[in-house]
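First comes the structure, then the notes that go with it.
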Amino acid sequence: MTERIMAPETPDCRSAGRYLWWLVTSQRGRIALGAILGSAWMVGLTLPPYVLSRAIDDGLTPGRWDALAGWVGAVVALGVLNAWLAIMRHRTMTRVRMDAAFRTVQVVALHATRLGATLSRKVTAGEVVTIGSGDAGVIAQALTITGPGVGSVLAYVIVAALLLAVSPLLAAVVLLGVPLLAVLLGPLMGRLSGAETAYRARQGELAARFGDIAAGLRVLNGIGGKEVYADRYRRGSRELQEQGYRVGAVTSWIQALGVGLPTLFLGAVTWLAARMAAQGDITAGELVAVYGYAAVLVLPVTFFIEGSYGLSRGLVAARRVVRLLTLEPDVTGGDARLDPPASPSVLRDPGSGVEIAPGELTALVSARPGESAAVLDRLGGFTGSDVTWGGLRLGDIDRARVRERILVAENEADLFAGSLRDVIAGSVDPDEEAVERAVHAAMAEDVVRGLPDGLDSPVDAQGRNLSGGQRQRVRLARALLADPEILLAAEPTSAVDAHTEATIATRLRAARAGRATAVTTTSPLVLDQADTVYYLVDGSVAATGSHRDLLRDHPGYRLLVSRDTHDPEDSDGTGGDGGAGGAGGAGGADDVGGAGGFGGARGVGGADGGAGAGADGTGGTEGVDGEAGATGARPEEVVR
Amino acid sequence: MSGPSAAGSLPVAEPSQVRRAALRLIRLDARAFAAVIALNALAAGAGLVGPWLLGRIVDAVKAGAGVGAVDRLALVILACALAQLLLSRYASYLGHRFGERTLARVREQFTERALALPASVIERAGTGDLTTRGTTDVAAVGATLRDAGPEVLIAAVQAAFILGAVFTLDPLLGACGVLGLLGIWFAARWYLRRAVTAYLEEGAANSALAEQLAATTTGARTIEALGLERRRLEACRRAVEECRRTRTRTLFLRSLLFPIVDVSYVIPVAGVLLIGGVMTQGGAVTLGTVVASALYLRQLSHPLDTVLFHLENLQSSGASFARVEGLALASRQGAAGAAPSVPASDRLEVAGAHYAYDGGPDVLRGVDLTVQPGERLAIVGPSGAGKTTLGRLLAGVDRPRAGTVTVGGVPVAGLDPDRLRERVILVTQEHHVFLGTVRDNLRIAAPSATDADLRAALTAVGADWIGDLPDGLDTDLGPGGHRLDGAQTQQVALARVVLADPHTLILDEATALLDPGTARHTERALAAVLAGRTVIAIAHRLQTAHDADRVAVMQDGRLTELGTHHDLVAEGGTYAALWHSWHGD
């Protein structure tokens, strides 16, 4: 089902190390080029002190013009060459890192879509987000060692050779001293980042505190308490400041030592070399060169040590990636490869006793919404069960083929960022007319009108720029457009007002005519449209029938779904009033359409009538536009 | 939350205002700032002695000086290195403290300004921009104050000292060094003009990619259910492509800057050697001077790299600081001084009120309504009829475009927030649970309330679950603590209102998240607690209307029906139809 449109190769997930190696071997050429350029660059960096010393010794000191000009020319040429090597190395390594990061993101995305619903059961969202926001970058950074890492070893060897030619004693001091310094300073740098981490955590807390104030500003404005929050923030801010002082006391030492210790070492080496020069063991030019070599060697050694840290961090990150990539989709049955029933068939959940018949609108009513949702989950094949479809065990049927024909639509379903058209279109390519039909059926026309560019307006991830009621109708439109053979919708109208609910109920029925639909709901407006209603108690069917039959015969059901105005707490006359109202309502049932134009159109053919009535009821479109468009947060509807 | 709206967005400070604000911050801590500069200068000075002495050593060796002379010079080199280490440590420590203090000033002032923002400004601008400024922008300013700023300062001082040293050794060699560096200046100018946007784009593309991946994984179930695999992978691929494009762009910018800078470092060295060669010939300078100058100029690369590395940080944090300071303008914006008058009564009066959002069409078209003190009024009607807008006018959040909304004869929107709170409180379904305990969350409404008061308020809104919480009123509601569901959040919001005890309470779908039974129970309990108070309820559950003294029906920005439930049902108008429809008749 999933086309391999992105990463063509399969990652090596046997271990974190192998994964990193796979990232290396996936771009052999580039890695090799990076290593060559990195080495050449590092070696290039060690040469200027030598060329400079020759310019002084052969040109400047004896006053020989031709030699001076020649060596100065070499200084410039070497500078240009080094600049070229540096940028080519940087370009190559940037490409290496990009490739590694993007490859990781792509294999993770691909695997996530393969895992489907299994993913959220086995991995927290936070873990995966960490991969996208941090791990991919850390892994990419680890590959840096393939370029300058190799180069730094080479550079070290070359400097060693050059120093040995000057003086074995100096060579020994420098070649041992520099790595020793780096090893000493390494842990210090580690402490630096440790101290910073603690500070950052506190800084994050303070930022969260501000976010809290900003998000609750309306409440603080409306109800009071600003002083309390201003005080609390100030206290947090002062605490952070104190913590910052403490961090500063440590980090300032670390920073000063980081620069100061190499300088001191350089001073010591210079002293040693100067004494040898004074005794005539080395020349003045060599003295300058030794100074330069010692200074230059710091770079490759630091590079190498940083690269090692990078590699160890990269391995940790790769371990997380590998863990995700080795997850396997849950298979609900044995080999799960059976073909689904050829024609529309009954979907049966023995656990509850619910049956979804082809072509019918079925409703599930339960005092606890979670119980009816669990039934839909089983019927949709998201949790293992004994559900059968046309007599076959649902778990034995090829999962992809089940998904093509049975759709569970729920209010928690994710909305992905994109144009409203794309959001509603789901997996199909948007056909203008079909989109409009689905929008109409879900009573979402006002959502389209309320956005600046209609269907082409951007919708934020999770529909954050829509109200709860709008999100619900957009989800419904998406499910209706998908047009599955069996639609299992959980509480599709829980967040909309009565007018909208009535209209959606009729339009839903019309839109799904001839196809099986099951909804969980307690709304009498929706229940009245259902062919069959299952009344669930403790997760099993307690009664079945039409809405009206159940209302008549089952007091528990009546109590649950009726919107009568009396309740058990009433001991005064309101109960009577409510009863009267209810009776009046029941009596008027036949001519409701005449009374106000709401829900007047029942049944398949009535969709248009319902639309007209709905438009009357909502009082024209300008009001909707104005309010919805301007406030952004449309508080008219219930947030889920 | 809502997208940026040009009309209502928060202002950004002008460059001149930013400069003034920055200078003010430095003046507030002037002595510390001066000390930081002085210590850095001393440290940089100590750092320059080394190469100069190396030149002297070279000269001494040339002149055939003995080991003793070399030892003396070398000891001074080591002493200077040690002095530099200590000086730079204290310079950096003082700089760090200065940065921390200044950052605390910036963020505390920002928070005070945010809390002082008038309600109308917040409504217009939304809290998203405010949150970004208070978190991301303040952090960017902080990073500059703590890290980039001091480092650039140190590097600039070092570079100035190095050039100064070369000039002191020989002005002609110094001039040669400065001329060689001109290329860097042009390259940096060219680069900086493009870098900020390019890096912002790169950052945005990175976050977009992370977001796509997060959406794909958190939404894995939805993707499976709807068969969205191909589309999601396509979206990820596009995000990757965008990432690649933006990174390639910044790589291109670096590809031009870096080589020019690297070559520029070599040119002064080469120039000094050539010119120095000529000058030593004539005896104008010693060999040691030329060597020391060349070594100094080679050293320039380090501080200049630091400056170049941070320049774009400085530029973007400057923009952040302008946004942070912009809030000062927003606080001033709303502070249009209205004469504080005292309402004569709690009678709410709406007369001929029109309202439009930001120049859009009118959503209220001439509403007249009088709400008597102590009355329970329900406002019903279809979505988009203007119910919420009317509620906001009644609560003083917005002013009518035409007509008046008054309480006791005084315009509601003109009351200052503290006085308004005593009169009218609006509760919507947009609730917020603050970080902290249940007690913290309730006490904002009544700082002096006792635990018994808090419990009573919770009981009044049917929040019996408080007894089930692990630590009762002390239960932490922050992340990692106990999470309240939507209904419980709503009850906390209502309990706050009970504690605040205003004269008039406007409930905009404030019980919509409760299940029907609880909602009804809560509304009634609330009514008992608020006996004698005016309650205006906007609701789509019609039980609320049934329980009210009067029902107002809104349609298309107008008030079309007004009367008791029974009268309106008997009239057989819109409300009656609504009532029947609600029952599914």
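Chain labels A, B, ... are given in the sequence in which chains occur in the structure tokens; within each chain residues are numbered consecutively from 1, and ligands are likewise numbered from 1 in the order shown.
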
Any idea what's packed within 9 Å of range 18-28 of chain B, counting only C-alpha atoms, ignoring anything in its chain fewer than 4 positions away? Could you give it as a short mmCIF file (atom, residue, chain, number, x, y, z; two decimals) with N, CA and C atoms, in the first residue's frame?
```
data_model
loop_
_atom_site.label_atom_id
_atom_site.label_comp_id
_atom_site.auth_asym_id
_atom_site.auth_seq_id
_atom_site.Cartn_x
_atom_site.Cartn_y
_atom_site.Cartn_z
N ALA B 13 9.22 48.33 18.11
CA ALA B 13 9.88 49.60 18.39
C ALA B 13 10.72 50.06 17.20
N GLU B 14 10.78 51.38 17.01
CA GLU B 14 11.61 51.98 15.96
C GLU B 14 13.09 51.88 16.37
N ALA B 32 29.19 48.65 36.40
CA ALA B 32 29.54 47.27 36.04
C ALA B 32 29.98 47.22 34.59
N PHE B 33 29.26 47.94 33.74
CA PHE B 33 29.59 47.91 32.31
C PHE B 33 30.99 48.45 32.08
N THR B 102 20.80 42.52 33.54
CA THR B 102 20.09 43.27 32.51
C THR B 102 18.98 42.43 31.92
N ARG B 105 16.07 42.45 34.14
CA ARG B 105 15.34 43.71 33.98
C ARG B 105 14.44 43.67 32.76
N VAL B 106 15.02 43.22 31.65
CA VAL B 106 14.26 43.22 30.39
C VAL B 106 13.01 42.35 30.53
N GLY B 318 18.80 41.92 17.81
CA GLY B 318 18.37 43.32 17.77
C GLY B 318 16.92 43.42 17.35
N PHE B 321 14.84 42.37 20.23
CA PHE B 321 14.75 43.42 21.24
C PHE B 321 13.75 44.48 20.80
N ALA B 322 13.69 44.77 19.51
CA ALA B 322 12.72 45.75 19.01
C ALA B 322 11.30 45.25 19.25
N GLU B 325 10.66 45.56 23.08
CA GLU B 325 10.43 46.95 23.45
C GLU B 325 9.12 47.49 22.86
N GLY B 326 8.67 46.87 21.78
CA GLY B 326 7.44 47.32 21.14
C GLY B 326 6.25 47.28 22.08
#
```

Residue contacts of Gly132 in chain A (12 Å, only C-alpha atoms) excluding same-chain residues fewer than 5 positions away, as a PDB file with N, CA, C and O atoms, in the first residue's frame:
```
ATOM      1  N   ALA A 101      20.802  13.653   7.791  1.00  0.00           N
ATOM      2  CA  ALA A 101      19.629  14.121   8.535  1.00  0.00           C
ATOM      3  C   ALA A 101      18.350  13.825   7.768  1.00  0.00           C
ATOM      4  O   ALA A 101      17.385  13.282   8.316  1.00  0.00           O
ATOM      5  N   PHE A 102      18.348  14.149   6.485  1.00  0.00           N
ATOM      6  CA  PHE A 102      17.122  13.973   5.699  1.00  0.00           C
ATOM      7  C   PHE A 102      16.811  12.499   5.492  1.00  0.00           C
ATOM      8  O   PHE A 102      15.653  12.086   5.502  1.00  0.00           O
ATOM      9  N   ARG A 103      17.854  11.709   5.300  1.00  0.00           N
ATOM     10  CA  ARG A 103      17.642  10.276   5.128  1.00  0.00           C
ATOM     11  C   ARG A 103      16.991   9.700   6.393  1.00  0.00           C
ATOM     12  O   ARG A 103      16.067   8.900   6.326  1.00  0.00           O
ATOM     13  N   THR A 104      17.490  10.156   7.536  1.00  0.00           N
ATOM     14  CA  THR A 104      16.937   9.670   8.804  1.00  0.00           C
ATOM     15  C   THR A 104      15.470  10.077   8.934  1.00  0.00           C
ATOM     16  O   THR A 104      14.614   9.262   9.260  1.00  0.00           O
ATOM     17  N   VAL A 105      15.199  11.348   8.655  1.00  0.00           N
ATOM     18  CA  VAL A 105      13.816  11.821   8.751  1.00  0.00           C
ATOM     19  C   VAL A 105      12.915  11.005   7.825  1.00  0.00           C
ATOM     20  O   VAL A 105      11.818  10.593   8.190  1.00  0.00           O
ATOM     21  N   GLN A 106      13.418  10.739   6.628  1.00  0.00           N
ATOM     22  CA  GLN A 106      12.585  10.036   5.661  1.00  0.00           C
ATOM     23  C   GLN A 106      12.331   8.586   6.044  1.00  0.00           C
ATOM     24  O   GLN A 106      11.204   8.109   5.922  1.00  0.00           O
ATOM     25  N   VAL A 107      13.365   7.896   6.514  1.00  0.00           N
ATOM     26  CA  VAL A 107      13.101   6.499   6.886  1.00  0.00           C
ATOM     27  C   VAL A 107      12.182   6.436   8.108  1.00  0.00           C
ATOM     28  O   VAL A 107      11.342   5.556   8.221  1.00  0.00           O
ATOM     29  N   VAL A 108      12.317   7.424   9.011  1.00  0.00           N
ATOM     30  CA  VAL A 108      11.444   7.438  10.187  1.00  0.00           C
ATOM     31  C   VAL A 108       9.994   7.710   9.754  1.00  0.00           C
ATOM     32  O   VAL A 108       9.062   7.029  10.189  1.00  0.00           O
ATOM     33  N   ALA A 109       9.817   8.684   8.863  1.00  0.00           N
ATOM     34  CA  ALA A 109       8.461   9.001   8.393  1.00  0.00           C
ATOM     35  C   ALA A 109       7.855   7.797   7.687  1.00  0.00           C
ATOM     36  O   ALA A 109       6.698   7.425   7.917  1.00  0.00           O
ATOM     37  N   ALA A 125       4.540  10.161  21.688  1.00  0.00           N
ATOM     38  CA  ALA A 125       4.732  11.179  20.653  1.00  0.00           C
ATOM     39  C   ALA A 125       6.027  11.938  20.903  1.00  0.00           C
ATOM     40  O   ALA A 125       6.765  12.262  19.979  1.00  0.00           O
ATOM     41  N   GLY A 126       6.321  12.187  22.185  1.00  0.00           N
ATOM     42  CA  GLY A 126       7.522  12.943  22.529  1.00  0.00           C
ATOM     43  C   GLY A 126       8.785  12.312  21.963  1.00  0.00           C
ATOM     44  O   GLY A 126       9.652  12.996  21.441  1.00  0.00           O
ATOM     45  N   GLU A 127       8.866  10.980  22.043  1.00  0.00           N
ATOM     46  CA  GLU A 127      10.062  10.296  21.560  1.00  0.00           C
ATOM     47  C   GLU A 127      10.283  10.551  20.078  1.00  0.00           C
ATOM     48  O   GLU A 127      11.404  10.782  19.636  1.00  0.00           O
ATOM     49  N   GLY A 137      19.581  15.758  13.686  1.00  0.00           N
ATOM     50  CA  GLY A 137      20.684  16.704  13.623  1.00  0.00           C
ATOM     51  C   GLY A 137      21.931  16.184  14.317  1.00  0.00           C
ATOM     52  O   GLY A 137      23.056  16.333  13.813  1.00  0.00           O
ATOM     53  N   VAL A 138      21.743  15.539  15.469  1.00  0.00           N
ATOM     54  CA  VAL A 138      22.882  15.006  16.226  1.00  0.00           C
ATOM     55  C   VAL A 138      23.580  13.909  15.428  1.00  0.00           C
ATOM     56  O   VAL A 138      24.810  13.845  15.359  1.00  0.00           O
ATOM     57  N   ILE A 139      22.751  13.051  14.817  1.00  0.00           N
ATOM     58  CA  ILE A 139      23.316  11.972  13.996  1.00  0.00           C
ATOM     59  C   ILE A 139      24.112  12.556  12.838  1.00  0.00           C
ATOM     60  O   ILE A 139      25.230  12.127  12.536  1.00  0.00           O
ATOM     61  N   ALA A 140      23.538  13.578  12.196  1.00  0.00           N
ATOM     62  CA  ALA A 140      24.220  14.212  11.067  1.00  0.00           C
ATOM     63  C   ALA A 140      25.550  14.790  11.530  1.00  0.00           C
ATOM     64  O   ALA A 140      26.577  14.641  10.871  1.00  0.00           O
ATOM     65  N   ALA A 317      21.698   8.941  19.894  1.00  0.00           N
ATOM     66  CA  ALA A 317      20.555   9.347  19.072  1.00  0.00           C
ATOM     67  C   ALA A 317      20.170   8.239  18.099  1.00  0.00           C
ATOM     68  O   ALA A 317      18.985   7.946  17.900  1.00  0.00           O
ATOM     69  N   ARG A 320      17.946   5.560  19.518  1.00  0.00           N
ATOM     70  CA  ARG A 320      16.512   5.875  19.538  1.00  0.00           C
ATOM     71  C   ARG A 320      15.874   5.630  18.170  1.00  0.00           C
ATOM     72  O   ARG A 320      14.784   5.084  18.060  1.00  0.00           O
ATOM     73  N   VAL A 321      16.601   6.058  17.138  1.00  0.00           N
ATOM     74  CA  VAL A 321      16.066   5.883  15.785  1.00  0.00           C
ATOM     75  C   VAL A 321      15.908   4.397  15.472  1.00  0.00           C
ATOM     76  O   VAL A 321      14.876   3.954  14.966  1.00  0.00           O
TER      77      VAL A 321
ATOM     78  N   ASN B 206      13.372  24.155   9.150  1.00  0.00           N
ATOM     79  CA  ASN B 206      13.710  23.082  10.089  1.00  0.00           C
ATOM     80  C   ASN B 206      12.530  22.773  11.008  1.00  0.00           C
ATOM     81  O   ASN B 206      12.180  21.620  11.221  1.00  0.00           O
ATOM     82  N   SER B 207      11.918  23.847  11.551  1.00  0.00           N
ATOM     83  CA  SER B 207      10.787  23.594  12.447  1.00  0.00           C
ATOM     84  C   SER B 207       9.641  22.966  11.675  1.00  0.00           C
ATOM     85  O   SER B 207       8.937  22.099  12.202  1.00  0.00           O
ATOM     86  N   ALA B 208       9.457  23.415  10.440  1.00  0.00           N
ATOM     87  CA  ALA B 208       8.354  22.856   9.651  1.00  0.00           C
ATOM     88  C   ALA B 208       8.574  21.362   9.431  1.00  0.00           C
ATOM     89  O   ALA B 208       7.632  20.567   9.524  1.00  0.00           O
ATOM     90  N   LEU B 209       9.819  20.983   9.170  1.00  0.00           N
ATOM     91  CA  LEU B 209      10.116  19.559   8.954  1.00  0.00           C
ATOM     92  C   LEU B 209       9.858  18.766  10.234  1.00  0.00           C
ATOM     93  O   LEU B 209       9.219  17.710  10.203  1.00  0.00           O
ATOM     94  N   ALA B 210      10.347  19.316  11.368  1.00  0.00           N
ATOM     95  CA  ALA B 210      10.133  18.624  12.638  1.00  0.00           C
ATOM     96  C   ALA B 210       8.636  18.493  12.898  1.00  0.00           C
ATOM     97  O   ALA B 210       8.156  17.460  13.374  1.00  0.00           O
ATOM     98  N   GLU B 211       7.900  19.540  12.537  1.00  0.00           N
ATOM     99  CA  GLU B 211       6.458  19.516  12.776  1.00  0.00           C
ATOM    100  C   GLU B 211       5.768  18.477  11.890  1.00  0.00           C
ATOM    101  O   GLU B 211       4.872  17.779  12.339  1.00  0.00           O
ATOM    102  N   GLN B 212       6.215  18.404  10.633  1.00  0.00           N
ATOM    103  CA  GLN B 212       5.625  17.413   9.725  1.00  0.00           C
ATOM    104  C   GLN B 212       5.876  15.994  10.252  1.00  0.00           C
ATOM    105  O   GLN B 212       4.992  15.149  10.225  1.00  0.00           O
ATOM    106  N   LEU B 213       7.094  15.772  10.706  1.00  0.00           N
ATOM    107  CA  LEU B 213       7.420  14.443  11.211  1.00  0.00           C
ATOM    108  C   LEU B 213       6.585  14.149  12.457  1.00  0.00           C
ATOM    109  O   LEU B 213       6.040  13.048  12.613  1.00  0.00           O
ATOM    110  N   ALA B 214       6.471  15.159  13.328  1.00  0.00           N
ATOM    111  CA  ALA B 214       5.678  14.974  14.541  1.00  0.00           C
ATOM    112  C   ALA B 214       4.224  14.689  14.172  1.00  0.00           C
ATOM    113  O   ALA B 214       3.594  13.786  14.736  1.00  0.00           O
ATOM    114  N   ALA B 215       3.694  15.446  13.208  1.00  0.00           N
ATOM    115  CA  ALA B 215       2.299  15.247  12.806  1.00  0.00           C
ATOM    116  C   ALA B 215       2.111  13.852  12.228  1.00  0.00           C
ATOM    117  O   ALA B 215       1.107  13.184  12.486  1.00  0.00           O
ATOM    118  N   THR B 216       3.103  13.408  11.447  1.00  0.00           N
ATOM    119  CA  THR B 216       2.987  12.098  10.815  1.00  0.00           C
ATOM    120  C   THR B 216       3.011  10.984  11.855  1.00  0.00           C
ATOM    121  O   THR B 216       2.338   9.968  11.705  1.00  0.00           O
ATOM    122  N   THR B 217       3.790  11.174  12.915  1.00  0.00           N
ATOM    123  CA  THR B 217       3.875  10.098  13.894  1.00  0.00           C
ATOM    124  C   THR B 217       2.734  10.170  14.911  1.00  0.00           C
ATOM    125  O   THR B 217       2.145   9.156  15.235  1.00  0.00           O
ATOM    126  N   CYS B 236       6.073  15.268   3.923  1.00  0.00           N
ATOM    127  CA  CYS B 236       7.404  15.203   4.523  1.00  0.00           C
ATOM    128  C   CYS B 236       8.473  15.467   3.475  1.00  0.00           C
ATOM    129  O   CYS B 236       9.448  16.173   3.727  1.00  0.00           O
ATOM    130  N   ALA B 239       8.691  19.048   2.806  1.00  0.00           N
ATOM    131  CA  ALA B 239       9.359  19.765   3.909  1.00  0.00           C
ATOM    132  C   ALA B 239      10.865  19.551   3.829  1.00  0.00           C
ATOM    133  O   ALA B 239      11.647  20.472   4.072  1.00  0.00           O
ATOM    134  N   VAL B 240      11.275  18.321   3.467  1.00  0.00           N
ATOM    135  CA  VAL B 240      12.705  18.039   3.328  1.00  0.00           C
ATOM    136  C   VAL B 240      13.292  18.873   2.198  1.00  0.00           C
ATOM    137  O   VAL B 240      14.375  19.462   2.326  1.00  0.00           O
TER     138      VAL B 240
END
```

TODO: For CA of Leu364 in chain A and CA of Tyr534 in chain A, determine how far apart the two atoms are, in Å to one decimal place.
DONE: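 Between CA of Leu364 in chain A and CA of Tyr534 in chain A the gap is 4.9 Å.
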
Task: Distance criterion (only C-alpha atoms): nearest to chain B out of A:Arg337, A:Arg512, A:Arg405, A:Arg18 - done: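 Closest to chain B of all the choices is A:Arg405.
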
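Relative to CA of Leu420 in chain A, CA of Arg231 in chain B is found at 14.5 Å.
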
Task: Nearest candidate to chain A (options B:Leu369, B:Leu530, B:Leu507, B:Val551; using only C-alpha atoms) - done: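 That would be B:Leu507, the residue with the smallest distance to chain A.
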
Open item on the list: as a list in words, please: every residue in range 432-524 of chain B that a backbone DSSP assignment puts in strand (DSSP E or B).
Closed with: Thr437, Asp476, Thr504, Leu505, Ile506, Leu507 and Asp508 of chain B

May I have the residues from that selection written out with N, CA and C atoms, as a PDB file, in the first residue's frame?
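Dumped to out-v6.pdb:
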```pdb
ATOM      1  N   THR B 437      -1.098  25.067  41.917  1.00  0.00           N
ATOM      2  CA  THR B 437      -2.044  24.169  42.560  1.00  0.00           C
ATOM      3  C   THR B 437      -3.477  24.618  42.295  1.00  0.00           C
ATOM      4  N   ASP B 476      -1.066  19.725  42.344  1.00  0.00           N
ATOM      5  CA  ASP B 476      -0.408  20.509  41.305  1.00  0.00           C
ATOM      6  C   ASP B 476      -1.089  20.240  39.964  1.00  0.00           C
ATOM      7  N   THR B 504     -22.746  41.220  38.050  1.00  0.00           N
ATOM      8  CA  THR B 504     -23.329  40.656  36.838  1.00  0.00           C
ATOM      9  C   THR B 504     -22.384  39.601  36.282  1.00  0.00           C
ATOM     10  N   LEU B 505     -22.970  38.487  35.889  1.00  0.00           N
ATOM     11  CA  LEU B 505     -22.166  37.383  35.372  1.00  0.00           C
ATOM     12  C   LEU B 505     -22.673  37.045  33.983  1.00  0.00           C
ATOM     13  N   ILE B 506     -21.752  37.013  33.027  1.00  0.00           N
ATOM     14  CA  ILE B 506     -22.142  36.641  31.669  1.00  0.00           C
ATOM     15  C   ILE B 506     -21.502  35.300  31.352  1.00  0.00           C
ATOM     16  N   LEU B 507     -22.315  34.302  31.098  1.00  0.00           N
ATOM     17  CA  LEU B 507     -21.815  32.958  30.824  1.00  0.00           C
ATOM     18  C   LEU B 507     -21.988  32.672  29.338  1.00  0.00           C
ATOM     19  N   ASP B 508     -20.874  32.612  28.605  1.00  0.00           N
ATOM     20  CA  ASP B 508     -20.963  32.322  27.180  1.00  0.00           C
ATOM     21  C   ASP B 508     -20.637  30.846  26.967  1.00  0.00           C
TER      22      ASP B 508
END
```

TODO: Compile the contact shell of range 48-57 of chain B as a PyMOL selection string: residues with an atom at most 9 Å away, counting only C-alpha atoms, same-chain residues fewer than 6 positions apart removed.
DONE: (chain A and resi 267+270+274+278+284+288) or (chain B and resi 65+69-70+73-74+76-78+80-81+158+161-162+165+287-293+295-296)

Open item on the list: Between A:Ala477, A:Leu297, A:Ala198, A:Val183, which residue has the minimum interatomic distance to Val423 in chain A, considering only C-alpha atoms?
Closed with: A:Ala477

Open item on the list: Using only C-alpha atoms, which protein or nucleic acid residues come within 6 Å of range 487-502 of chain B? Drop anything in the same chain fewer than 2 positions from it, and give the result as a PyMOL selection string.
Closed with: chain B and resi 422-424+442+445-446+457-458+461+484-485+504+513-514

Create the file for the chosen residues now, containing N, CA, C and O atoms and written as a tab-separated table (two decimals), in the first residue's frame.
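Result file follows (again36.tsv):
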```
chain	number	residue	atom	x	y	z
B	422	GLU	N	-15.53	44.14	39.48
B	422	GLU	CA	-16.52	44.06	40.56
B	422	GLU	C	-17.93	44.01	39.99
B	422	GLU	O	-18.84	43.50	40.62
B	423	ARG	N	-18.11	44.62	38.82
B	423	ARG	CA	-19.45	44.72	38.23
B	423	ARG	C	-19.78	43.51	37.37
B	423	ARG	O	-20.77	42.84	37.58
B	424	VAL	N	-18.96	43.32	36.35
B	424	VAL	CA	-19.31	42.36	35.31
B	424	VAL	C	-18.15	41.39	35.06
B	424	VAL	O	-17.01	41.82	34.89
B	442	LEU	N	-7.58	29.15	42.12
B	442	LEU	CA	-8.82	29.77	42.59
B	442	LEU	C	-8.56	31.12	43.24
B	442	LEU	O	-9.33	32.06	43.10
B	445	ALA	N	-8.94	34.93	42.04
B	445	ALA	CA	-10.18	35.69	42.09
B	445	ALA	C	-10.40	36.32	43.45
B	445	ALA	O	-11.08	37.34	43.57
B	446	ALA	N	-9.87	35.72	44.49
B	446	ALA	CA	-10.07	36.24	45.84
B	446	ALA	C	-8.84	35.90	46.67
B	446	ALA	O	-8.78	34.86	47.31
B	457	ALA	N	-16.85	27.19	47.10
B	457	ALA	CA	-17.01	27.63	45.72
B	457	ALA	C	-17.00	26.43	44.78
B	457	ALA	O	-17.80	26.35	43.84
B	458	LEU	N	-16.10	25.48	45.05
B	458	LEU	CA	-16.03	24.28	44.20
B	458	LEU	C	-17.32	23.46	44.32
B	458	LEU	O	-17.84	22.95	43.33
B	461	VAL	N	-20.23	24.74	42.25
B	461	VAL	CA	-20.25	24.48	40.81
B	461	VAL	C	-20.19	22.99	40.52
B	461	VAL	O	-19.92	22.57	39.40
B	484	LEU	N	-6.59	18.28	34.50
B	484	LEU	CA	-8.04	18.40	34.57
B	484	LEU	C	-8.61	18.20	33.18
B	484	LEU	O	-8.02	18.63	32.19
B	485	ASP	N	-9.76	17.55	33.09
B	485	ASP	CA	-10.39	17.44	31.77
B	485	ASP	C	-11.20	18.71	31.50
B	485	ASP	O	-11.27	19.62	32.34
B	504	THR	N	-22.75	41.22	38.05
B	504	THR	CA	-23.33	40.66	36.84
B	504	THR	C	-22.38	39.60	36.28
B	504	THR	O	-21.17	39.81	36.23
B	513	LEU	N	-19.10	22.19	28.18
B	513	LEU	CA	-18.27	20.99	28.20
B	513	LEU	C	-18.74	19.97	29.23
B	513	LEU	O	-18.23	18.86	29.28
B	514	LEU	N	-19.66	20.38	30.09
B	514	LEU	CA	-20.17	19.43	31.08
B	514	LEU	C	-21.22	18.56	30.41
B	514	LEU	O	-21.88	18.98	29.46
```

Open item on the list: When you look at Val553 in chain B with a cut-off of 7 Å (counting only C-alpha atoms), what residues show up, excluding the ones that are within fewer than 6 positions of it in the same chain? I need them as an MDAnalysis selection string.
Closed with: chainID B and resid 379:381 559:562 575

TODO: Extract, using only C-alpha atoms, all DNA, RNA and protein residues at most 12 Å from Val407 in chain B, discarding same-chain residues fewer than 2 positions from it, and format them as a VMD selection string.
DONE: chain B and resid 341 to 351 369 to 373 393 to 396 404 to 405 409 to 415 419 to 420 422 to 424 503 to 504 534

Open item on the list: What's around Pro48 in chain A at 8 Å? Count only C-alpha atoms, leave out sequence neighbours fewer than 5 positions away in its own chain, and write the answer as a list in words.
Closed with: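 In the requested form, the answer reads Val75, Leu78 and Gly79 of chain A.
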
- [ ] Using only C-alpha atoms, pick whichever of A:Leu325, A:Ala363, A:Ala513, A:Leu81 has the shortest atom-to-atom distance to chain B.
- [x] A:Leu81
